[in-house]
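So this block is coords-v9.txt, compact mmCIF, C-alpha atoms:
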# COMPACT_ATOMS: atom_id res chain seq x y z
CA MET M 1 -12.67 12.98 10.17
CA GLU M 2 -12.34 16.41 11.76
CA GLU M 3 -13.43 19.02 9.25
CA HIS M 4 -11.80 21.98 11.00
CA GLY M 5 -8.62 20.90 12.76
CA LYS M 6 -5.42 22.89 12.76
CA ARG M 7 -4.24 24.18 9.39
CA ALA M 8 -1.21 22.48 7.84
CA VAL M 9 0.78 22.86 4.65
CA LEU M 10 2.92 20.59 2.47
CA LEU M 11 5.86 22.51 1.05
CA LEU M 12 7.88 21.00 -1.80
CA ALA M 13 11.39 21.91 -2.89
CA ASP M 14 10.15 23.30 -6.23
CA GLY M 15 8.09 25.92 -4.40
CA THR M 16 4.76 24.09 -4.54
CA GLN M 17 2.60 24.78 -1.47
CA LEU M 18 -0.47 22.63 -0.79
CA GLU M 19 -2.67 23.55 2.14
CA GLY M 20 -4.79 21.18 4.19
CA TRP M 21 -5.52 20.16 7.76
CA SER M 22 -3.26 18.55 10.33
CA PHE M 23 -3.75 15.09 11.78
CA GLY M 24 -1.36 12.81 13.57
CA ALA M 25 1.50 14.52 15.39
CA GLN M 26 1.66 18.32 15.13
CA THR M 27 5.33 18.51 14.30
CA ASP M 28 7.44 19.12 11.20
CA GLY M 29 8.16 16.14 8.95
CA VAL M 30 10.91 16.45 6.32
CA GLY M 31 11.54 13.83 3.64
CA GLU M 32 11.31 12.82 0.01
CA ALA M 33 7.69 12.99 -1.17
CA VAL M 34 6.72 9.78 -3.01
CA PHE M 35 3.37 8.34 -4.03
CA THR M 36 2.07 4.81 -3.71
CA THR M 37 -0.86 3.32 -5.63
CA ASP M 38 -1.74 0.77 -2.92
CA MET M 39 -5.50 0.70 -2.28
CA VAL M 40 -5.30 -1.24 1.00
CA GLY M 41 -2.59 -2.09 3.52
CA TYR M 42 -1.86 1.39 4.84
CA VAL M 43 -0.64 -0.10 8.14
CA GLU M 44 1.84 -2.27 6.27
CA THR M 45 2.87 0.69 4.10
CA LEU M 46 3.56 3.00 7.04
CA THR M 47 5.65 0.38 8.87
CA ASP M 48 7.59 -0.81 5.80
CA PRO M 49 11.31 0.03 6.37
CA GLY M 50 11.55 0.71 2.62
CA TYR M 51 9.81 4.05 3.23
CA TYR M 52 12.52 5.24 5.59
CA GLY M 53 12.93 9.02 5.41
CA GLN M 54 10.05 9.61 3.01
CA ILE M 55 6.75 11.44 3.00
CA ILE M 56 4.13 8.98 1.73
CA VAL M 57 1.41 10.25 -0.58
CA GLN M 58 -1.55 7.86 -0.93
CA THR M 59 -3.26 7.98 -4.33
CA PHE M 60 -6.31 6.15 -2.91
CA PRO M 61 -8.61 8.90 -1.61
CA SER M 62 -9.85 7.53 1.74
CA LEU M 63 -7.67 5.87 4.37
CA GLY M 64 -8.18 4.49 7.87
CA ASN M 65 -11.59 2.87 7.42
CA TYR M 66 -10.56 -0.40 9.08
CA GLY M 67 -8.34 1.13 11.73
CA VAL M 68 -4.94 -0.08 12.92
CA MET M 69 -3.94 -3.60 13.92
CA MET M 70 -0.53 -4.07 15.54
CA GLU M 71 -0.35 -7.63 14.18
CA ASP M 72 -0.15 -6.19 10.66
CA PHE M 73 3.00 -4.14 11.34
CA GLU M 74 5.84 -4.90 8.91
CA SER M 75 8.40 -3.75 11.49
CA SER M 76 8.54 -2.33 15.00
CA ARG M 77 7.62 1.24 14.03
CA ILE M 78 6.82 3.79 11.33
CA TRP M 79 9.89 4.74 9.30
CA ALA M 80 8.27 7.38 7.06
CA ARG M 81 8.59 11.07 7.96
CA GLY M 82 5.06 12.11 7.03
CA TYR M 83 1.72 11.02 5.59
CA VAL M 84 -0.45 12.75 2.96
CA VAL M 85 -4.05 11.70 2.31
CA ARG M 86 -7.18 13.10 0.73
CA GLU M 87 -9.28 12.10 3.75
CA TRP M 88 -9.03 9.79 6.77
CA CYS M 89 -11.69 7.91 8.71
CA ASP M 90 -11.93 8.61 12.45
CA GLU M 91 -14.59 5.93 13.09
CA PRO M 92 -13.10 2.71 11.67
CA SER M 93 -15.20 -0.46 11.52
CA ASN M 94 -13.31 -3.72 11.95
CA PHE M 95 -13.44 -6.38 14.65
CA ARG M 96 -9.62 -6.41 14.76
CA CYS M 97 -9.27 -2.63 15.11
CA GLU M 98 -7.10 -1.51 18.06
CA LYS M 99 -6.79 2.22 17.34
CA THR M 100 -7.36 4.85 14.67
CA LEU M 101 -4.88 5.97 12.04
CA ASP M 102 -4.71 9.37 13.72
CA GLN M 103 -3.85 7.77 17.08
CA LEU M 104 -1.07 5.69 15.53
CA LEU M 105 0.55 8.73 13.90
CA LYS M 106 0.31 10.72 17.14
CA GLU M 107 1.86 7.90 19.19
CA GLN M 108 4.80 7.60 16.81
CA GLY M 109 5.38 11.32 16.32
CA ILE M 110 4.56 11.31 12.61
CA PRO M 111 2.80 14.33 11.09
CA GLY M 112 -0.03 13.90 8.63
CA ILE M 113 -1.94 16.25 6.37
CA TYR M 114 -5.40 15.69 4.89
CA GLY M 115 -7.69 17.71 2.66
CA VAL M 116 -4.93 17.83 0.01
CA ASP M 117 -5.73 17.29 -3.66
CA THR M 118 -3.70 14.07 -3.88
CA ARG M 119 -4.68 13.56 -7.53
CA HIS M 120 -2.99 16.85 -8.44
CA LEU M 121 -0.01 16.05 -6.21
CA THR M 122 0.44 12.60 -7.76
CA LYS M 123 0.41 14.09 -11.27
CA LEU M 124 3.02 16.62 -10.16
CA LEU M 125 5.34 13.93 -8.77
CA ARG M 126 4.73 11.62 -11.73
CA LYS M 127 5.65 14.33 -14.23
CA GLY M 128 8.46 16.07 -12.37
CA GLY M 129 9.80 13.25 -10.23
CA THR M 130 10.08 12.89 -6.47
CA LEU M 131 10.79 16.04 -4.46
CA ARG M 132 11.94 16.80 -0.96
CA GLY M 133 9.14 18.24 1.10
CA ILE M 134 7.99 19.20 4.56
CA ILE M 135 4.67 18.86 6.36
CA THR M 136 4.23 21.63 8.89
CA THR M 137 1.63 23.56 10.87
CA ARG M 138 3.80 26.66 10.72
CA THR M 139 1.85 28.39 7.98
CA ALA M 140 2.93 32.05 8.28
CA PRO M 141 4.53 33.32 5.00
CA GLU M 142 7.81 34.31 6.67
CA GLU M 143 8.12 30.85 8.25
CA ARG M 144 7.48 29.11 4.93
CA GLU M 145 10.45 30.84 3.30
CA ALA M 146 12.79 29.57 6.03
CA LEU M 147 11.36 26.04 5.69
CA LEU M 148 11.85 26.05 1.92
CA ARG M 149 15.51 26.98 2.43
CA GLN M 150 15.81 24.02 4.78
CA LEU M 151 14.69 21.68 1.97
CA SER M 152 17.69 22.64 -0.17
CA GLN M 153 20.02 21.03 2.37
CA PRO M 154 20.16 17.25 1.76
CA GLU M 155 20.45 15.00 4.78
CA ALA M 156 23.52 12.89 5.49
CA GLU M 157 22.02 9.55 6.47
CA ASP M 158 22.48 5.80 6.12
CA PRO M 159 19.00 4.34 5.63
CA VAL M 160 20.05 0.68 5.80
CA ALA M 161 22.00 1.20 9.03
CA ALA M 162 18.92 2.88 10.52
CA VAL M 163 16.43 0.10 9.75
CA THR M 164 18.46 -3.12 9.96
CA ALA M 165 18.19 -5.59 12.84
CA ARG M 166 20.34 -4.83 15.87
CA GLU M 167 21.21 -8.46 16.61
CA ILE M 168 21.05 -11.92 15.09
CA ALA M 169 17.63 -13.58 15.48
CA GLU M 170 16.26 -17.00 14.54
CA TYR M 171 12.80 -17.74 13.10
CA PRO M 172 12.24 -21.49 12.66
CA CYS M 173 9.49 -22.63 10.29
CA GLY M 174 8.29 -25.33 12.68
CA VAL M 175 8.68 -28.12 10.15
CA ALA M 176 11.32 -30.83 10.50
CA GLY M 177 14.00 -30.77 7.82
CA GLY M 178 13.48 -27.13 6.83
CA HIS M 179 16.03 -25.32 4.70
CA LYS M 180 18.47 -23.25 6.73
CA VAL M 181 18.42 -19.73 5.24
CA ALA M 182 20.66 -16.83 6.26
CA LEU M 183 18.85 -13.53 5.64
CA LEU M 184 20.94 -10.38 5.37
CA ASP M 185 18.60 -7.72 6.73
CA LEU M 186 18.77 -4.58 4.60
CA GLY M 187 15.32 -3.51 5.76
CA ALA M 188 13.32 -6.74 5.64
CA ARG M 189 9.59 -6.73 6.26
CA ARG M 190 8.11 -9.23 8.71
CA SER M 191 6.01 -10.66 5.87
CA THR M 192 9.21 -11.59 3.99
CA VAL M 193 10.41 -13.71 6.89
CA LYS M 194 6.94 -15.27 7.18
CA ALA M 195 6.92 -16.08 3.46
CA LEU M 196 10.24 -17.89 3.71
CA GLN M 197 8.90 -19.82 6.70
CA ALA M 198 5.77 -20.73 4.73
CA PHE M 199 7.99 -22.30 2.08
CA GLY M 200 9.77 -24.48 4.64
CA CYS M 201 12.75 -22.31 5.60
CA ASP M 202 14.30 -21.85 9.04
CA VAL M 203 15.38 -18.22 8.84
CA THR M 204 18.27 -16.59 10.69
CA VAL M 205 18.27 -12.81 10.34
CA TYR M 206 21.65 -11.03 10.35
CA PRO M 207 22.21 -7.26 10.71
CA ALA M 208 23.35 -5.63 7.45
CA GLY M 209 26.85 -4.93 8.76
CA THR M 210 27.56 -8.54 9.73
CA ASP M 211 30.93 -9.86 8.56
CA PRO M 212 30.17 -12.23 5.64
CA GLN M 213 32.41 -14.87 7.21
CA ILE M 214 30.18 -14.99 10.29
CA LEU M 215 27.16 -15.55 8.10
CA LEU M 216 28.90 -18.19 5.99
CA GLY M 217 30.31 -19.81 9.12
CA SER M 218 26.78 -20.73 10.17
CA HIS M 219 26.70 -23.14 7.18
CA PRO M 220 23.33 -22.13 5.72
CA ASP M 221 21.69 -23.96 2.83
CA GLY M 222 21.01 -20.66 1.10
CA ILE M 223 21.37 -16.89 1.39
CA PHE M 224 18.61 -14.30 1.10
CA LEU M 225 19.36 -10.62 0.43
CA SER M 226 16.36 -8.62 1.56
CA GLU M 227 14.52 -5.51 0.50
CA GLY M 228 15.42 -2.14 1.98
CA PRO M 229 15.61 1.65 1.52
CA GLY M 230 18.05 4.04 -0.09
CA ASP M 231 20.41 4.37 -3.04
CA PRO M 232 22.14 1.03 -3.72
CA ALA M 233 25.22 2.76 -5.14
CA GLY M 234 25.60 4.61 -1.85
CA ASN M 235 26.49 1.36 -0.07
CA PRO M 236 29.94 0.30 -1.37
CA GLY M 237 30.66 -1.64 1.81
CA LEU M 238 27.50 -3.68 1.39
CA VAL M 239 28.34 -4.32 -2.26
CA ASP M 240 31.66 -5.82 -1.12
CA HIS M 241 29.85 -7.99 1.44
CA VAL M 242 27.39 -9.19 -1.19
CA ARG M 243 30.25 -9.99 -3.57
CA THR M 244 31.81 -12.21 -0.91
CA LEU M 245 28.50 -13.96 -0.21
CA ALA M 246 27.85 -14.53 -3.91
CA ALA M 247 31.32 -16.01 -4.39
CA SER M 248 30.56 -18.69 -1.79
CA GLY M 249 28.61 -20.73 -4.33
CA LEU M 250 25.61 -21.08 -2.02
CA PRO M 251 22.13 -20.74 -3.60
CA LEU M 252 21.13 -17.11 -3.35
CA LEU M 253 17.87 -15.18 -3.74
CA ALA M 254 17.89 -11.38 -3.71
CA VAL M 255 14.90 -9.02 -3.82
CA ASP M 256 14.46 -5.25 -4.13
CA LEU M 257 17.58 -3.55 -2.67
CA GLY M 258 19.29 -6.94 -2.42
CA HIS M 259 18.65 -7.43 -6.15
CA GLN M 260 20.31 -4.09 -6.89
CA LEU M 261 23.32 -4.75 -4.66
CA LEU M 262 23.89 -8.17 -6.25
CA ALA M 263 23.86 -6.56 -9.70
CA LEU M 264 26.34 -3.90 -8.57
CA ALA M 265 28.58 -6.64 -7.17
CA HIS M 266 28.67 -8.12 -10.69
CA GLY M 267 29.66 -4.86 -12.34
CA ALA M 268 26.23 -3.60 -13.42
CA LYS M 269 24.92 -0.08 -12.88
CA THR M 270 21.82 1.38 -11.23
CA GLU M 271 19.96 4.64 -11.70
CA LYS M 272 17.21 6.57 -9.95
CA LEU M 273 13.74 6.33 -11.44
CA PRO M 274 11.85 9.62 -11.91
CA HIS M 275 9.10 8.69 -9.44
CA GLY M 276 9.83 5.08 -8.50
CA HIS M 277 7.61 2.00 -8.40
CA ARG M 278 5.45 1.93 -5.29
CA GLY M 279 2.33 -0.19 -5.18
CA GLY M 280 1.12 -2.58 -7.85
CA GLN M 281 3.20 -3.06 -11.01
CA PRO M 282 2.70 -5.51 -13.92
CA VAL M 283 5.83 -7.54 -14.70
CA LYS M 284 6.56 -10.00 -17.49
CA ASP M 285 8.49 -13.19 -16.72
CA LEU M 286 10.40 -13.57 -19.98
CA ALA M 287 11.01 -17.30 -19.54
CA LEU M 288 7.38 -18.10 -18.78
CA GLY M 289 6.03 -15.60 -21.30
CA ARG M 290 3.40 -14.41 -18.85
CA THR M 291 2.61 -11.17 -17.06
CA ILE M 292 2.27 -11.27 -13.29
CA PRO M 293 0.93 -8.74 -10.75
CA THR M 294 3.64 -7.61 -8.33
CA HIS M 295 4.00 -5.39 -5.28
CA GLN M 296 6.93 -2.97 -5.26
CA ASN M 297 8.53 -0.20 -3.22
CA HIS M 298 11.71 1.25 -4.65
CA GLY M 299 13.13 4.36 -6.27
CA TYR M 300 16.15 2.85 -8.05
CA VAL M 301 16.52 0.27 -10.80
CA VAL M 302 19.22 -1.93 -12.32
CA LEU M 303 20.20 -1.00 -15.87
CA GLY M 304 19.75 -4.34 -17.62
CA GLU M 305 22.01 -3.37 -20.52
CA SER M 306 24.88 -2.78 -18.08
CA LEU M 307 25.03 -6.45 -16.99
CA PRO M 308 28.32 -8.02 -18.11
CA GLU M 309 27.74 -10.29 -21.10
CA GLY M 310 27.81 -13.97 -20.27
CA VAL M 311 27.51 -13.33 -16.52
CA ALA M 312 23.79 -12.67 -16.19
CA GLN M 313 20.64 -12.03 -18.17
CA VAL M 314 17.47 -10.04 -17.57
CA SER M 315 14.65 -12.42 -16.63
CA HIS M 316 11.78 -10.02 -15.93
CA ARG M 317 10.67 -6.70 -17.44
CA ASN M 318 8.30 -4.03 -16.19
CA ILE M 319 5.34 -3.77 -18.56
CA ASN M 320 4.88 -0.03 -17.97
CA ASP M 321 8.41 1.27 -18.57
CA GLY M 322 10.42 -1.78 -19.73
CA SER M 323 12.85 -1.56 -16.80
CA CYS M 324 14.72 -4.59 -15.45
CA GLU M 325 12.66 -6.48 -12.87
CA GLY M 326 14.68 -9.68 -12.51
CA ILE M 327 18.04 -11.27 -13.24
CA ARG M 328 19.24 -14.85 -13.59
CA TYR M 329 22.95 -15.39 -13.08
CA ARG M 330 25.07 -17.73 -15.17
CA ASP M 331 28.24 -17.84 -13.05
CA ILE M 332 26.62 -18.51 -9.66
CA PRO M 333 23.45 -20.29 -8.42
CA ALA M 334 21.48 -17.08 -7.93
CA LEU M 335 18.40 -15.25 -9.07
CA SER M 336 17.04 -11.86 -8.11
CA VAL M 337 13.89 -9.81 -8.59
CA GLN M 338 13.09 -6.14 -8.14
CA PHE M 339 9.59 -6.80 -6.79
CA LEU M 340 8.56 -8.20 -3.41
CA PRO M 341 7.39 -11.83 -3.83
CA ASP M 342 4.30 -12.83 -1.90
CA GLY M 343 4.04 -15.81 0.40
CA GLU M 344 1.21 -17.57 -1.44
CA ASP M 345 1.80 -20.79 -3.39
CA ASN M 346 -0.66 -20.33 -6.25
CA GLN M 347 -0.77 -19.99 -10.01
CA VAL M 348 -1.29 -16.22 -10.28
CA GLY M 349 1.03 -14.75 -7.64
CA THR M 350 4.78 -14.39 -7.25
CA GLY M 351 5.33 -17.12 -4.65
CA TYR M 352 6.94 -19.26 -7.35
CA ILE M 353 10.10 -17.22 -6.82
CA TYR M 354 10.44 -18.76 -3.35
CA LYS M 355 9.75 -22.21 -4.84
CA GLU M 356 12.64 -21.72 -7.27
CA PHE M 357 14.87 -20.73 -4.37
CA THR M 358 13.99 -23.83 -2.35
CA ALA M 359 14.48 -25.96 -5.46
CA MET M 360 17.95 -24.47 -5.83
CA MET M 361 18.73 -25.47 -2.25
CA ASP M 362 17.42 -28.96 -3.02
CA GLY M 363 19.78 -29.08 -5.99
CA ARG M 364 16.92 -29.66 -8.41
CA ALA M 365 16.87 -26.40 -10.30
CA ASN M 366 18.88 -25.19 -13.25
CA ILE M 367 18.33 -21.46 -13.01
CA CYS M 368 20.57 -20.53 -15.94
CA ARG M 369 17.86 -20.91 -18.56
Do you think you could lay out the structure here as structure tokens?
Amino acid sequence: MEEHGKRAVLLLADGTQLEGWSFGAQTDGVGEAVFTTDMVGYVETLTDPGYYGQIIVQTFPSLGNYGVMMEDFESSRIWARGYVVREWCDEPSNFRCEKTLDQLLKEQGIPGIYGVDTRHLTKLLRKGGTLRGIITTRTAPEEREALLRQLSQPEAEDPVAAVTAREIAEYPCGVAGGHKVALLDLGARRSTVKALQAFGCDVTVYPAGTDPQILLGSHPDGIFLSEGPGDPAGNPGLVDHVRTLAASGLPLLAVDLGHQLLALAHGAKTEKLPHGHRGGQPVKDLALGRTIPTHQNHGYVVLGESLPEGVAQVSHRNINDGSCEGIRYRDIPALSVQFLPDGEDNQVGTGYIYKEFTAMMDGRANICR
């Protein structure tokens, strides 16, 4: 790690100014500053479409020690606007390593800042909530004032439209007799598609704006609503599409943003969390009576008490704040979770969510417990 690179500063909308050193691209990066508690997987974090438009703050103090592997990308590129770390490793040690973290950020035009007290920054965001910020190497006092004024002007953007697939694509599981799943891509990670394949699903990915009738006309066995970025209530058109898909009667699994949109389509409400859930979160499955470790990346949550009575019920709760983490529907064959299920079929993970989905498509499951 270079000890004396070019000076950089992270400016936050509340006036906070944290100085450090520049790495990655030496350009301005403007976005919502959010923290993640992930200890590993920084390549996956950076390339997760769910971080579209955000400045990622890593709570783990040292990043980049195993380098960058293109095979671990969750999408085609980095969607975040900036990266904040305590320190980064410029001499990674890993037989799979293809480049350094610094090289990746430079190639993709993403600014980073290191030497920042990320413990202090995390406490600030945890107490006061997420804030718009900017990473810049323009450190003169007169320039900082102009940059702070820029932060008061919110961006007009459509995160889902930015990250969704541009065309329909097929990903067969390679096993005869696999379930035919139509995935509505709201910002799906590559690992989500791979997980569905691992559970015996032939996956067809559809861009978010696809007419529901085109998707239904492919005669899938089930529908998957993926994860993705942004405010769910800011997507009324998608809510209408999801309502049409849900009314088809096909088995449906929704995660993360898809979970929120499905709830909105049923008349529920969502709200923004103060600092979101990013990284590991403990969740209780109310039916099983057991707490499970989950991976999450979202800033909004479904208000469980707003679900219409008799239509759906909360199935999972966050142990830390009690928020809704899952819903089972009574009127349609559907379930949804706020977290991102993993692709492992074991007793301690969240892969059982995919098993329930495949059981629904087999006609074996009664999800309205």
Can you pull out the residues contacting region 302-317 of chain M? Cut-off 8 Å, using all atoms listed in the file, and skip same-chain residues under 6 positions away; I want them as a PDB file with C-alpha atoms, in the coordinates of the input.
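Below you can see part38.pdb, which holds the result:
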ATOM      1  CA  GLN M 260      20.310  -4.090  -6.890  1.00  0.00           C
ATOM      2  CA  ALA M 263      23.860  -6.560  -9.700  1.00  0.00           C
ATOM      3  CA  HIS M 266      28.670  -8.120 -10.690  1.00  0.00           C
ATOM      4  CA  GLY M 267      29.660  -4.860 -12.340  1.00  0.00           C
ATOM      5  CA  ALA M 268      26.230  -3.600 -13.420  1.00  0.00           C
ATOM      6  CA  LYS M 269      24.920  -0.080 -12.880  1.00  0.00           C
ATOM      7  CA  THR M 270      21.820   1.380 -11.230  1.00  0.00           C
ATOM      8  CA  GLU M 271      19.960   4.640 -11.700  1.00  0.00           C
ATOM      9  CA  VAL M 283       5.830  -7.540 -14.700  1.00  0.00           C
ATOM     10  CA  LYS M 284       6.560 -10.000 -17.490  1.00  0.00           C
ATOM     11  CA  ASP M 285       8.490 -13.190 -16.720  1.00  0.00           C
ATOM     12  CA  LEU M 286      10.400 -13.570 -19.980  1.00  0.00           C
ATOM     13  CA  ALA M 287      11.010 -17.300 -19.540  1.00  0.00           C
ATOM     14  CA  SER M 323      12.850  -1.560 -16.800  1.00  0.00           C
ATOM     15  CA  CYS M 324      14.720  -4.590 -15.450  1.00  0.00           C
ATOM     16  CA  GLU M 325      12.660  -6.480 -12.870  1.00  0.00           C
ATOM     17  CA  GLY M 326      14.680  -9.680 -12.510  1.00  0.00           C
ATOM     18  CA  ILE M 327      18.040 -11.270 -13.240  1.00  0.00           C
ATOM     19  CA  ARG M 328      19.240 -14.850 -13.590  1.00  0.00           C
ATOM     20  CA  TYR M 329      22.950 -15.390 -13.080  1.00  0.00           C
ATOM     21  CA  ARG M 330      25.070 -17.730 -15.170  1.00  0.00           C
ATOM     22  CA  ASP M 331      28.240 -17.840 -13.050  1.00  0.00           C
ATOM     23  CA  VAL M 337      13.890  -9.810  -8.590  1.00  0.00           C
TER      24      VAL M 337
END
Choose the residue, out of M:Asp48, M:Asp231, M:Glu98, M:Asp221, that has the smallest atom-to-atom separation from Ser76 (chain M); count only C-alpha atoms. M:Asp48
Counting only C-alpha atoms, which of M:Pro159, M:Gly29, M:Gly351, M:Gly178 gets nearest to Pro111 (chain M)?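 Among M:Pro159, M:Gly29, M:Gly351, M:Gly178, it is M:Gly29 that comes nearest to Pro111 (chain M).
The space between CA of Val205 (chain M) and CA of Gly363 (chain M) spans 23.1 Å.
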To one decimal place in Å, what is the distance between CA of Phe224 (chain M) and CA of Arg290 (chain M)?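 That distance, rounded to one decimal, is 25.1 Å.
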Could you check which residues have any atom within 12 Å of (11.8, 14.0, -2.1), counting all atoms listed in the file with coordinates taken straight from the file, and then list them as a ChimeraX atom specification? /M:10-14,29-35,51-57,80-82,125,128-134,151-155,230,274-276,299
For a test of reading the model, state the distance in Å between CA of Asp185 (chain M) and CA of Glu71 (chain M), rounded to one decimal.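 If I compute the distance from CA of Asp185 (chain M) to CA of Glu71 (chain M), I get 20.4 Å.
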Closest to Thr27 (chain M) among M:Ile78, M:Ala146, M:Leu105, M:Met70, using all atoms listed in the file?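 Counting all atoms listed in the file, the residue closest to Thr27 (chain M) is M:Leu105.
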Sphere at (-9.7, 10.2, 2.8), radius 9 Å, counting all atoms listed in the file: residues as a JSON list (two decimals) with C-alpha atoms, in the frame of the given file:
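Final output, result.json:
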[["chain", "number", "residue", "atom", "x", "y", "z"],
["M", 1, "MET", "CA", -12.67, 12.98, 10.17],
["M", 60, "PHE", "CA", -6.31, 6.15, -2.91],
["M", 61, "PRO", "CA", -8.61, 8.90, -1.61],
["M", 62, "SER", "CA", -9.85, 7.53, 1.74],
["M", 63, "LEU", "CA", -7.67, 5.87, 4.37],
["M", 64, "GLY", "CA", -8.18, 4.49, 7.87],
["M", 65, "ASN", "CA", -11.59, 2.87, 7.42],
["M", 85, "VAL", "CA", -4.05, 11.70, 2.31],
["M", 86, "ARG", "CA", -7.18, 13.10, 0.73],
["M", 87, "GLU", "CA", -9.28, 12.10, 3.75],
["M", 88, "TRP", "CA", -9.03, 9.79, 6.77],
["M", 89, "CYS", "CA", -11.69, 7.91, 8.71],
["M", 114, "TYR", "CA", -5.40, 15.69, 4.89],
["M", 115, "GLY", "CA", -7.69, 17.71, 2.66]]
Can you tell me which residues surround Gly222 (chain M) at a distance of at most 9 Å, considering only C-alpha atoms, apart from same-chain residues fewer than 6 positions away, and format the answer as a PyMOL selection string? chain M and resi 179-183+250-253+357-358+360-361
Using only C-alpha atoms: which of M:Gln58, M:Thr122, M:Ser22, M:Gln296 has the shortest distance to Arg278 (chain M): M:Gln296
Across M:Ala254, M:Ala265, M:Val193, M:Val40, the smallest distance to Ser226 (chain M), with all atoms listed in the file counted, is shown by M:Ala254
As a ChimeraX atom specification, please: the residues near Pro341 (chain M) (cut-off 10 Å, only C-alpha atoms, same-chain neighbours under 4 positions excluded). /M:191-192,195,255-256,293-296,337,349-354
Listed atoms of region 294-298 of chain M, axis-aligned box, 4 Å per side: centre and edge lengths to one decimal in Å, as JSON?
{"center_x": 7.7, "center_y": -3.2, "center_z": -5.8, "size_x": 16.1, "size_y": 16.9, "size_z": 13.1}
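Across M:Ala8, M:Leu245, M:Ile223, M:Leu340, the tightest approach to Gly280 (chain M) is made by M:Leu340 when counting only C-alpha atoms.
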For the structure just given, write the atoms of region 26-38 of chain M, namely N, CA, C and O atoms, as a PDB file, in the first residue's frame.
ATOM      1  N   GLN M  26      -8.349   8.552 -10.180  1.00  0.00           N
ATOM      2  CA  GLN M  26      -8.315   9.880  -9.576  1.00  0.00           C
ATOM      3  C   GLN M  26      -9.358  10.757 -10.251  1.00  0.00           C
ATOM      4  O   GLN M  26      -9.069  11.594 -11.102  1.00  0.00           O
ATOM      5  N   THR M  27     -10.604  10.507  -9.846  1.00  0.00           N
ATOM      6  CA  THR M  27     -11.735  11.250 -10.370  1.00  0.00           C
ATOM      7  C   THR M  27     -12.733  11.417  -9.242  1.00  0.00           C
ATOM      8  O   THR M  27     -12.598  10.786  -8.186  1.00  0.00           O
ATOM      9  N   ASP M  28     -13.740  12.258  -9.433  1.00  0.00           N
ATOM     10  CA  ASP M  28     -14.764  12.438  -8.408  1.00  0.00           C
ATOM     11  C   ASP M  28     -15.766  11.291  -8.467  1.00  0.00           C
ATOM     12  O   ASP M  28     -16.152  10.836  -9.564  1.00  0.00           O
ATOM     13  N   GLY M  29     -16.200  10.830  -7.306  1.00  0.00           N
ATOM     14  CA  GLY M  29     -17.236   9.811  -7.226  1.00  0.00           C
ATOM     15  C   GLY M  29     -18.326  10.254  -6.279  1.00  0.00           C
ATOM     16  O   GLY M  29     -18.067  10.465  -5.080  1.00  0.00           O
ATOM     17  N   VAL M  30     -19.545  10.439  -6.794  1.00  0.00           N
ATOM     18  CA  VAL M  30     -20.670  10.940  -5.999  1.00  0.00           C
ATOM     19  C   VAL M  30     -21.704   9.842  -5.822  1.00  0.00           C
ATOM     20  O   VAL M  30     -22.084   9.164  -6.787  1.00  0.00           O
ATOM     21  N   GLY M  31     -22.157   9.626  -4.591  1.00  0.00           N
ATOM     22  CA  GLY M  31     -23.170   8.602  -4.342  1.00  0.00           C
ATOM     23  C   GLY M  31     -23.587   8.585  -2.886  1.00  0.00           C
ATOM     24  O   GLY M  31     -23.122   9.388  -2.066  1.00  0.00           O
ATOM     25  N   GLU M  32     -24.465   7.662  -2.559  1.00  0.00           N
ATOM     26  CA  GLU M  32     -24.925   7.481  -1.185  1.00  0.00           C
ATOM     27  C   GLU M  32     -23.898   6.634  -0.439  1.00  0.00           C
ATOM     28  O   GLU M  32     -23.592   5.517  -0.846  1.00  0.00           O
ATOM     29  N   ALA M  33     -23.353   7.149   0.650  1.00  0.00           N
ATOM     30  CA  ALA M  33     -22.356   6.421   1.428  1.00  0.00           C
ATOM     31  C   ALA M  33     -23.049   5.400   2.332  1.00  0.00           C
ATOM     32  O   ALA M  33     -23.893   5.759   3.158  1.00  0.00           O
ATOM     33  N   VAL M  34     -22.695   4.120   2.142  1.00  0.00           N
ATOM     34  CA  VAL M  34     -23.291   3.033   2.928  1.00  0.00           C
ATOM     35  C   VAL M  34     -22.165   2.126   3.398  1.00  0.00           C
ATOM     36  O   VAL M  34     -21.120   2.034   2.767  1.00  0.00           O
ATOM     37  N   PHE M  35     -22.374   1.452   4.527  1.00  0.00           N
ATOM     38  CA  PHE M  35     -21.334   0.541   5.010  1.00  0.00           C
ATOM     39  C   PHE M  35     -21.792  -0.905   4.917  1.00  0.00           C
ATOM     40  O   PHE M  35     -22.974  -1.218   5.035  1.00  0.00           O
ATOM     41  N   THR M  36     -20.822  -1.781   4.686  1.00  0.00           N
ATOM     42  CA  THR M  36     -21.089  -3.211   4.662  1.00  0.00           C
ATOM     43  C   THR M  36     -20.168  -3.903   5.658  1.00  0.00           C
ATOM     44  O   THR M  36     -18.993  -3.535   5.791  1.00  0.00           O
ATOM     45  N   THR M  37     -20.683  -4.907   6.354  1.00  0.00           N
ATOM     46  CA  THR M  37     -19.913  -5.630   7.364  1.00  0.00           C
ATOM     47  C   THR M  37     -19.247  -6.882   6.803  1.00  0.00           C
ATOM     48  O   THR M  37     -18.688  -7.675   7.564  1.00  0.00           O
ATOM     49  N   ASP M  38     -19.303  -7.090   5.497  1.00  0.00           N
ATOM     50  CA  ASP M  38     -18.652  -8.257   4.892  1.00  0.00           C
ATOM     51  C   ASP M  38     -17.156  -8.251   5.207  1.00  0.00           C
ATOM     52  O   ASP M  38     -16.479  -7.227   5.062  1.00  0.00           O
TER      53      ASP M  38
END
